[in-house]
file protein01.cif (mmCIF, C-alpha atoms and all ligand atoms)
data_work
loop_
_atom_site.group_PDB
_atom_site.id
_atom_site.type_symbol
_atom_site.label_atom_id
_atom_site.label_comp_id
_atom_site.auth_asym_id
_atom_site.auth_seq_id
_atom_site.Cartn_x
_atom_site.Cartn_y
_atom_site.Cartn_z
ATOM 1 C CA MET A 9 0.000 0.000 0.000
ATOM 2 C CA SER A 10 2.779 2.373 0.887
ATOM 3 C CA SER A 11 4.567 1.548 -2.365
ATOM 4 C CA HIS A 12 1.335 2.275 -4.227
ATOM 5 C CA GLN A 13 1.128 5.732 -2.630
ATOM 6 C CA GLY A 14 4.730 6.408 -3.607
ATOM 7 C CA HIS A 15 3.879 5.588 -7.178
ATOM 8 C CA ASP A 16 1.082 8.216 -7.201
ATOM 9 C CA TRP A 17 3.376 10.869 -5.827
ATOM 10 C CA GLU A 18 5.887 10.136 -8.553
ATOM 11 C CA LYS A 19 3.210 10.718 -11.183
ATOM 12 C CA ILE A 20 2.103 13.961 -9.569
ATOM 13 C CA TRP A 21 5.717 15.122 -9.253
ATOM 14 C CA PHE A 22 6.363 14.271 -12.894
ATOM 15 C CA VAL A 23 3.305 16.193 -14.128
ATOM 16 C CA VAL A 24 4.084 19.240 -11.961
ATOM 17 C CA MET A 25 7.652 19.351 -13.274
ATOM 18 C CA LEU A 26 6.418 18.906 -16.838
ATOM 19 C CA ILE A 27 4.111 21.906 -16.424
ATOM 20 C CA ILE A 28 6.929 24.032 -14.958
ATOM 21 C CA VAL A 29 9.340 23.081 -17.757
ATOM 22 C CA ALA A 30 6.679 23.740 -20.403
ATOM 23 C CA PHE A 31 6.019 27.145 -18.845
ATOM 24 C CA PHE A 32 9.684 28.192 -18.996
ATOM 25 C CA VAL A 33 10.186 26.833 -22.511
ATOM 26 C CA GLY A 34 7.132 28.790 -23.669
ATOM 27 C CA TRP A 35 8.270 31.931 -21.896
ATOM 28 C CA SER A 36 11.752 31.754 -23.457
ATOM 29 C CA TYR A 37 10.326 31.068 -26.882
ATOM 30 C CA THR A 38 7.922 34.016 -26.848
ATOM 31 C CA THR A 39 10.477 36.531 -25.526
ATOM 32 C CA ILE A 40 13.170 35.407 -27.961
ATOM 33 C CA MET A 41 10.836 35.432 -30.942
ATOM 34 C CA SER A 42 9.384 38.842 -30.059
ATOM 35 C CA GLY A 43 12.865 40.309 -29.546
ATOM 36 C CA SER A 44 11.616 42.156 -26.466
ATOM 37 C CA ALA A 45 13.835 40.657 -23.783
ATOM 38 C CA ALA A 46 16.430 38.585 -25.555
ATOM 39 C CA THR A 47 18.655 38.516 -28.538
ATOM 40 C CA TYR A 48 18.560 37.115 -32.004
ATOM 41 C CA ARG A 49 21.841 35.817 -33.200
ATOM 42 C CA THR A 50 23.121 34.107 -36.258
ATOM 43 C CA GLY A 51 26.570 32.953 -37.175
ATOM 44 C CA LEU A 52 28.621 30.510 -35.198
ATOM 45 C CA PRO A 53 27.923 28.670 -33.044
ATOM 46 C CA LEU A 54 24.141 29.259 -32.925
ATOM 47 C CA ALA A 55 21.847 30.119 -35.779
ATOM 48 C CA SER A 56 18.446 31.281 -34.643
ATOM 49 C CA GLY A 57 17.825 33.939 -37.264
ATOM 50 C CA LEU A 58 17.393 37.659 -37.567
ATOM 51 C CA PRO A 59 13.919 39.197 -37.489
ATOM 52 C CA THR A 60 12.339 38.573 -40.875
ATOM 53 C CA LYS A 61 11.381 42.248 -40.995
ATOM 54 C CA LEU A 62 13.811 44.632 -39.307
ATOM 55 C CA PRO A 63 11.954 47.104 -37.075
ATOM 56 C CA ASN A 64 11.607 50.736 -38.101
ATOM 57 C CA GLY A 65 14.662 52.699 -36.964
ATOM 58 C CA THR A 66 17.026 49.728 -36.884
ATOM 59 C CA VAL A 67 20.584 50.920 -37.185
ATOM 60 C CA ILE A 68 22.903 48.572 -39.060
ATOM 61 C CA ILE A 69 26.620 48.694 -38.262
ATOM 62 C CA TYR A 70 29.116 47.049 -40.581
ATOM 63 C CA MET A 71 31.922 46.169 -38.189
ATOM 64 C CA LEU A 72 35.332 44.928 -39.221
ATOM 65 C CA ALA A 73 37.436 43.212 -36.573
ATOM 66 C CA VAL A 74 41.183 43.431 -37.070
ATOM 67 C CA GLN A 75 44.263 42.785 -34.989
ATOM 68 C CA TRP A 76 43.680 44.734 -32.819
ATOM 69 C CA SER A 77 40.773 47.054 -33.048
ATOM 70 C CA TRP A 78 37.137 47.425 -34.051
ATOM 71 C CA ILE A 79 36.619 49.356 -37.261
ATOM 72 C CA PRO A 80 32.998 50.363 -37.893
ATOM 73 C CA GLN A 81 33.116 50.792 -41.671
ATOM 74 C CA ASN A 82 29.603 51.884 -42.456
ATOM 75 C CA ALA A 83 26.278 52.595 -40.780
ATOM 76 C CA THR A 84 22.778 52.673 -42.187
ATOM 77 C CA GLU A 85 19.296 53.005 -40.762
ATOM 78 C CA ILE A 86 16.132 51.197 -41.780
ATOM 79 C CA ILE A 87 13.248 53.617 -42.322
ATOM 80 C CA TYR A 88 9.778 52.689 -43.540
ATOM 81 C CA THR A 89 7.965 55.266 -45.610
ATOM 82 C CA PRO A 90 4.210 55.771 -44.957
ATOM 83 C CA ASN A 91 3.367 53.458 -47.878
ATOM 84 C CA GLY A 92 5.473 50.696 -46.327
ATOM 85 C CA THR A 93 8.538 50.856 -48.554
ATOM 86 C CA MET A 94 11.769 50.099 -46.729
ATOM 87 C CA GLU A 95 14.631 52.520 -47.178
ATOM 88 C CA ASN A 96 18.177 51.934 -46.012
ATOM 89 C CA ILE A 97 19.696 55.379 -45.471
ATOM 90 C CA SER A 98 23.288 56.236 -44.649
ATOM 91 C CA VAL A 99 23.907 57.460 -41.087
ATOM 92 C CA ASN A 100 27.677 57.475 -40.863
ATOM 93 C CA ASN A 101 27.571 60.412 -38.429
ATOM 94 C CA ILE A 102 26.658 57.984 -35.637
ATOM 95 C CA ILE A 103 30.197 56.579 -35.779
ATOM 96 C CA THR A 104 32.772 58.603 -33.898
ATOM 97 C CA TYR A 105 36.124 58.069 -32.258
ATOM 98 C CA VAL A 106 37.337 59.162 -28.833
ATOM 99 C CA ASN A 107 41.024 58.614 -28.035
ATOM 100 C CA GLY A 108 41.209 56.248 -30.970
ATOM 101 C CA PHE A 109 38.371 54.019 -29.768
ATOM 102 C CA PRO A 110 35.135 53.747 -31.735
ATOM 103 C CA TYR A 111 31.872 55.019 -30.256
ATOM 104 C CA ILE A 112 28.567 54.074 -31.844
ATOM 105 C CA LYS A 113 25.836 56.533 -30.955
ATOM 106 C CA VAL A 114 22.330 55.097 -30.617
ATOM 107 C CA TYR A 115 19.112 56.111 -28.929
ATOM 108 C CA PRO A 116 17.629 54.274 -25.934
ATOM 109 C CA ASN A 117 15.767 51.126 -27.034
ATOM 110 C CA GLN A 118 16.913 51.559 -30.613
ATOM 111 C CA PRO A 119 17.094 48.253 -32.489
ATOM 112 C CA VAL A 120 20.625 47.487 -33.626
ATOM 113 C CA GLU A 121 21.910 44.996 -36.144
ATOM 114 C CA MET A 122 25.637 44.337 -36.246
ATOM 115 C CA VAL A 123 27.193 42.790 -39.316
ATOM 116 C CA LEU A 124 30.453 41.415 -37.976
ATOM 117 C CA TYR A 125 33.367 40.169 -40.047
ATOM 118 C CA SER A 126 37.088 39.559 -39.752
ATOM 119 C CA ASN A 127 39.802 39.392 -42.364
ATOM 120 C CA ASN A 128 42.477 37.687 -40.298
ATOM 121 C CA VAL A 129 41.823 35.595 -37.216
ATOM 122 C CA VAL A 130 38.870 34.603 -35.062
ATOM 123 C CA HIS A 131 37.550 37.419 -32.903
ATOM 124 C CA ALA A 132 34.403 37.694 -30.821
ATOM 125 C CA PHE A 133 32.119 40.642 -30.216
ATOM 126 C CA TYR A 134 31.207 40.770 -26.534
ATOM 127 C CA LEU A 135 28.790 43.379 -25.251
ATOM 128 C CA ARG A 136 27.318 43.397 -21.760
ATOM 129 C CA LEU A 137 23.774 44.752 -21.820
ATOM 130 C CA PRO A 138 21.394 45.104 -18.869
ATOM 131 C CA HIS A 139 19.233 42.244 -20.164
ATOM 132 C CA GLY A 140 22.216 39.959 -20.609
ATOM 133 C CA PRO A 141 25.679 39.660 -22.100
ATOM 134 C CA GLN A 142 25.891 39.250 -25.859
ATOM 135 C CA ASN A 143 28.704 37.325 -27.488
ATOM 136 C CA TRP A 144 29.208 36.498 -31.154
ATOM 137 C CA ASN A 145 32.098 34.653 -32.702
ATOM 138 C CA ILE A 146 33.570 36.238 -35.811
ATOM 139 C CA VAL A 147 35.178 33.660 -38.059
ATOM 140 C CA PRO A 148 37.175 34.940 -41.045
ATOM 141 C CA GLY A 149 35.151 34.596 -44.227
ATOM 142 C CA ILE A 150 31.813 34.231 -42.435
ATOM 143 C CA ASN A 151 29.547 37.146 -41.597
ATOM 144 C CA SER A 152 27.979 37.057 -38.154
ATOM 145 C CA TYR A 153 24.712 38.934 -37.761
ATOM 146 C CA ALA A 154 23.753 40.213 -34.351
ATOM 147 C CA PHE A 155 20.459 41.832 -33.452
ATOM 148 C CA PHE A 156 19.653 43.460 -30.131
ATOM 149 C CA TYR A 157 17.917 46.437 -28.599
ATOM 150 C CA ALA A 158 19.965 49.261 -27.104
ATOM 151 C CA PRO A 159 19.556 49.643 -23.328
ATOM 152 C CA PRO A 160 16.725 51.917 -22.167
ATOM 153 C CA SER A 161 19.014 54.124 -20.076
ATOM 154 C CA PRO A 162 21.740 56.444 -21.414
ATOM 155 C CA GLY A 163 25.357 55.539 -20.861
ATOM 156 C CA ASN A 164 28.382 53.961 -22.424
ATOM 157 C CA TYR A 165 28.304 50.202 -22.842
ATOM 158 C CA THR A 166 31.701 48.702 -23.599
ATOM 159 C CA PHE A 167 32.194 45.990 -26.160
ATOM 160 C CA HIS A 168 35.321 43.870 -26.101
ATOM 161 C CA CYS A 169 36.974 41.195 -28.132
ATOM 162 C CA ALA A 170 36.236 37.930 -26.339
ATOM 163 C CA GLU A 171 38.478 35.617 -28.343
ATOM 164 C CA TYR A 172 42.175 35.877 -27.637
ATOM 165 C CA CYS A 173 43.647 37.182 -30.886
ATOM 166 C CA GLY A 174 47.194 38.253 -30.081
ATOM 167 C CA ILE A 175 49.298 40.719 -28.135
ATOM 168 C CA GLY A 176 46.883 43.650 -28.502
ATOM 169 C CA HIS A 177 43.733 41.676 -27.662
ATOM 170 C CA SER A 178 43.060 43.494 -24.396
ATOM 171 C CA TYR A 179 43.051 46.872 -26.160
ATOM 172 C CA MET A 180 40.433 45.757 -28.631
ATOM 173 C CA TYR A 181 37.339 47.540 -27.366
ATOM 174 C CA GLY A 182 34.865 50.268 -28.159
ATOM 175 C CA TYR A 183 31.600 51.707 -26.895
ATOM 176 C CA LEU A 184 27.907 51.616 -27.583
ATOM 177 C CA TRP A 185 26.958 55.166 -26.639
ATOM 178 C CA VAL A 186 23.311 55.382 -25.649
ATOM 179 C CA MET A 187 22.304 59.044 -25.707
HETATM 180 CU CU CU B 1 40.223 40.109 -31.328
#

call {"tool": "encode", "arguments": {"input": "protein01.cif", "output": "structure tokens"}}
result
Amino acid sequence: MSSHQGHDWEKIWFVVMLIIVAFFVGWSYTTIMSGSAATYRTGLPLASGLPTKLPNGTVIIYMLAVQWSWIPQNATEIIYTPNGTMENISVNNIITYVNGFPYIKVYPNQPVEMVLYSNNVVHAFYLRLPHGPQNWNIVPGINSYAFFYAPPSPGNYTFHCAEYCGIGHSYMYGYLWVM
């Protein structure tokens, strides 16, 4: 009889855990797919896709990683006209340098897509944001596409190289400047 009771408790325990796991899986899925609280990433090692339609106001940074610095080469912004046509306009004035380090000026909550590429060795783009650290490998010859929302509060958010790439690795950083 006691063993029979134990068997029932196992079933109940299993179903309760199943419900809890299903809840968290569903929660993760909805927040990742909506882009509201998490990050889309493609490129190595994960490939979960960019938004099929970039949000209005998305700034796109074309970022070259070299030994040993970040070189933002170009910046554009996605704007939708009232009739729904997407335009990709140049906004190179958002890229600036302070003491030789790149600053990328964005607005709070602005959607950002980074196109990351390297011409020499493996680097990684690491950016700590309030809703979680972001980290993308950059393998030579393969573009990595990163999508995230800028933090809601103004400040400078440092990005680093997170893949040891030589003697100057620790000086390979720049800033996301939320104005
Ligand atoms: Cu590096």

call {"tool": "closest_residue", "arguments": {"input": "protein01.cif", "among": "A:Leu72, A:Val23, A:Val29, A:Val67", "to": "Pro110 in chain A", "atoms": "all atoms listed in the file"}}
result
A:Leu72

call {"tool": "residues_near_ligand", "arguments": {"input": "protein01.cif", "ligand": "ligand CU 1 (chain B)", "cutoff": "10 Å", "atoms": "only C-alpha atoms and all ligand atoms", "output": "list in words"}}
result
Ala73, Val74, Gln75, Trp76, Ser77, Trp78, Ser126, Asn128, Val129, Val130, His131, Ala132, Phe133, Asn145, Ile146, His168, Cys169, Ala170, Glu171, Tyr172, Cys173, Gly174, Ile175, Gly176, His177, Ser178, Tyr179, Met180 and Tyr181 of chain A

call {"tool": "write_last_selection", "arguments": {"input": "protein01.cif", "atoms": "C-alpha atoms", "output": "mmCIF file, keeping the file's coordinate frame"}}
result
data_model
loop_
_atom_site.group_PDB
_atom_site.id
_atom_site.type_symbol
_atom_site.label_atom_id
_atom_site.label_comp_id
_atom_site.auth_asym_id
_atom_site.auth_seq_id
_atom_site.Cartn_x
_atom_site.Cartn_y
_atom_site.Cartn_z
ATOM 1 C CA ALA A 73 37.436 43.212 -36.573
ATOM 2 C CA VAL A 74 41.183 43.431 -37.070
ATOM 3 C CA GLN A 75 44.263 42.785 -34.989
ATOM 4 C CA TRP A 76 43.680 44.734 -32.819
ATOM 5 C CA SER A 77 40.773 47.054 -33.048
ATOM 6 C CA TRP A 78 37.137 47.425 -34.051
ATOM 7 C CA SER A 126 37.088 39.559 -39.752
ATOM 8 C CA ASN A 128 42.477 37.687 -40.298
ATOM 9 C CA VAL A 129 41.823 35.595 -37.216
ATOM 10 C CA VAL A 130 38.870 34.603 -35.062
ATOM 11 C CA HIS A 131 37.550 37.419 -32.903
ATOM 12 C CA ALA A 132 34.403 37.694 -30.821
ATOM 13 C CA PHE A 133 32.119 40.642 -30.216
ATOM 14 C CA ASN A 145 32.098 34.653 -32.702
ATOM 15 C CA ILE A 146 33.570 36.238 -35.811
ATOM 16 C CA HIS A 168 35.321 43.870 -26.101
ATOM 17 C CA CYS A 169 36.974 41.195 -28.132
ATOM 18 C CA ALA A 170 36.236 37.930 -26.339
ATOM 19 C CA GLU A 171 38.478 35.617 -28.343
ATOM 20 C CA TYR A 172 42.175 35.877 -27.637
ATOM 21 C CA CYS A 173 43.647 37.182 -30.886
ATOM 22 C CA GLY A 174 47.194 38.253 -30.081
ATOM 23 C CA ILE A 175 49.298 40.719 -28.135
ATOM 24 C CA GLY A 176 46.883 43.650 -28.502
ATOM 25 C CA HIS A 177 43.733 41.676 -27.662
ATOM 26 C CA SER A 178 43.060 43.494 -24.396
ATOM 27 C CA TYR A 179 43.051 46.872 -26.160
ATOM 28 C CA MET A 180 40.433 45.757 -28.631
ATOM 29 C CA TYR A 181 37.339 47.540 -27.366
#

call {"tool": "axis_aligned_box", "arguments": {"input": "protein01.cif", "around": "range 141-146 of chain A", "padding_each_side": "3 Å", "output": "AutoDock Vina command-line options"}}
result
--center_x 29.6 --center_y 37.2 --center_z -29.0 --size_x 13.9 --size_y 11.0 --size_z 19.7

call {"tool": "closest_residue", "arguments": {"input": "protein01.cif", "among": "A:Val99, A:Val123, A:Thr166, A:Pro138", "to": "Ile150 in chain A", "atoms": "only C-alpha atoms"}}
result
A:Val123

call {"tool": "atom_distance", "arguments": {"input": "protein01.cif", "atom1": "CA of Asn117 in chain A", "atom2": "CA of Thr39 in chain A"}}
result
15.6 Å

call {"tool": "residues_around", "arguments": {"input": "protein01.cif", "residues": "Tyr183 in chain A", "least_positions_apart": "2", "cutoff": "8 Å", "atoms": "all atoms listed in the file", "output": "MDAnalysis selection string"}}
result
chainID A and resid 109:112 164:167 181 185

call {"tool": "residues_around", "arguments": {"input": "protein01.cif", "residues": "range 92-98 of chain A", "least_positions_apart": "6", "cutoff": "8 Å", "atoms": "all atoms listed in the file", "output": "PDB file with C-alpha atoms, keeping the file's coordinate frame"}}
result
ATOM      1  CA  ASN A  82      29.603  51.884 -42.456  1.00  0.00           C
ATOM      2  CA  ALA A  83      26.278  52.595 -40.780  1.00  0.00           C
ATOM      3  CA  THR A  84      22.778  52.673 -42.187  1.00  0.00           C
ATOM      4  CA  GLU A  85      19.296  53.005 -40.762  1.00  0.00           C
ATOM      5  CA  ILE A  86      16.132  51.197 -41.780  1.00  0.00           C
TER       6      ILE A  86
END

call {"tool": "closest_residue", "arguments": {"input": "protein01.cif", "among": "A:Leu62, A:Val186, A:Met25, A:Val33", "to": "Pro160 in chain A", "atoms": "only C-alpha atoms"}}
result
A:Val186

call {"tool": "resolve_selection", "arguments": {"input": "protein01.cif", "expression": "the PyMOL selection byres (((chain A and resi 162) around 6) and not hetatm)", "output": "PyMOL selection string"}}
result
chain A and resi 161+163+186-187

call {"tool": "atom_distance", "arguments": {"input": "protein01.cif", "atom1": "CA of Met71 in chain A", "atom2": "CA of Asn127 in chain A"}}
result
11.2 Å

call {"tool": "atom_distance", "arguments": {"input": "protein01.cif", "atom1": "CA of Gln118 in chain A", "atom2": "CA of Leu184 in chain A"}}
result
11.4 Å

call {"tool": "residues_near_point", "arguments": {"input": "protein01.cif", "point": "(28.5, 39.6, -25.7)", "cutoff": "6 Å", "atoms": "all atoms listed in the file", "output": "number ranges by chain"}}
result
A: 133-136, 141-143

call {"tool": "closest_residue", "arguments": {"input": "protein01.cif", "among": "A:Tyr115, A:Tyr125, A:Phe31, A:Tyr88", "to": "Ile69 in chain A", "atoms": "all atoms listed in the file"}}
result
A:Tyr125
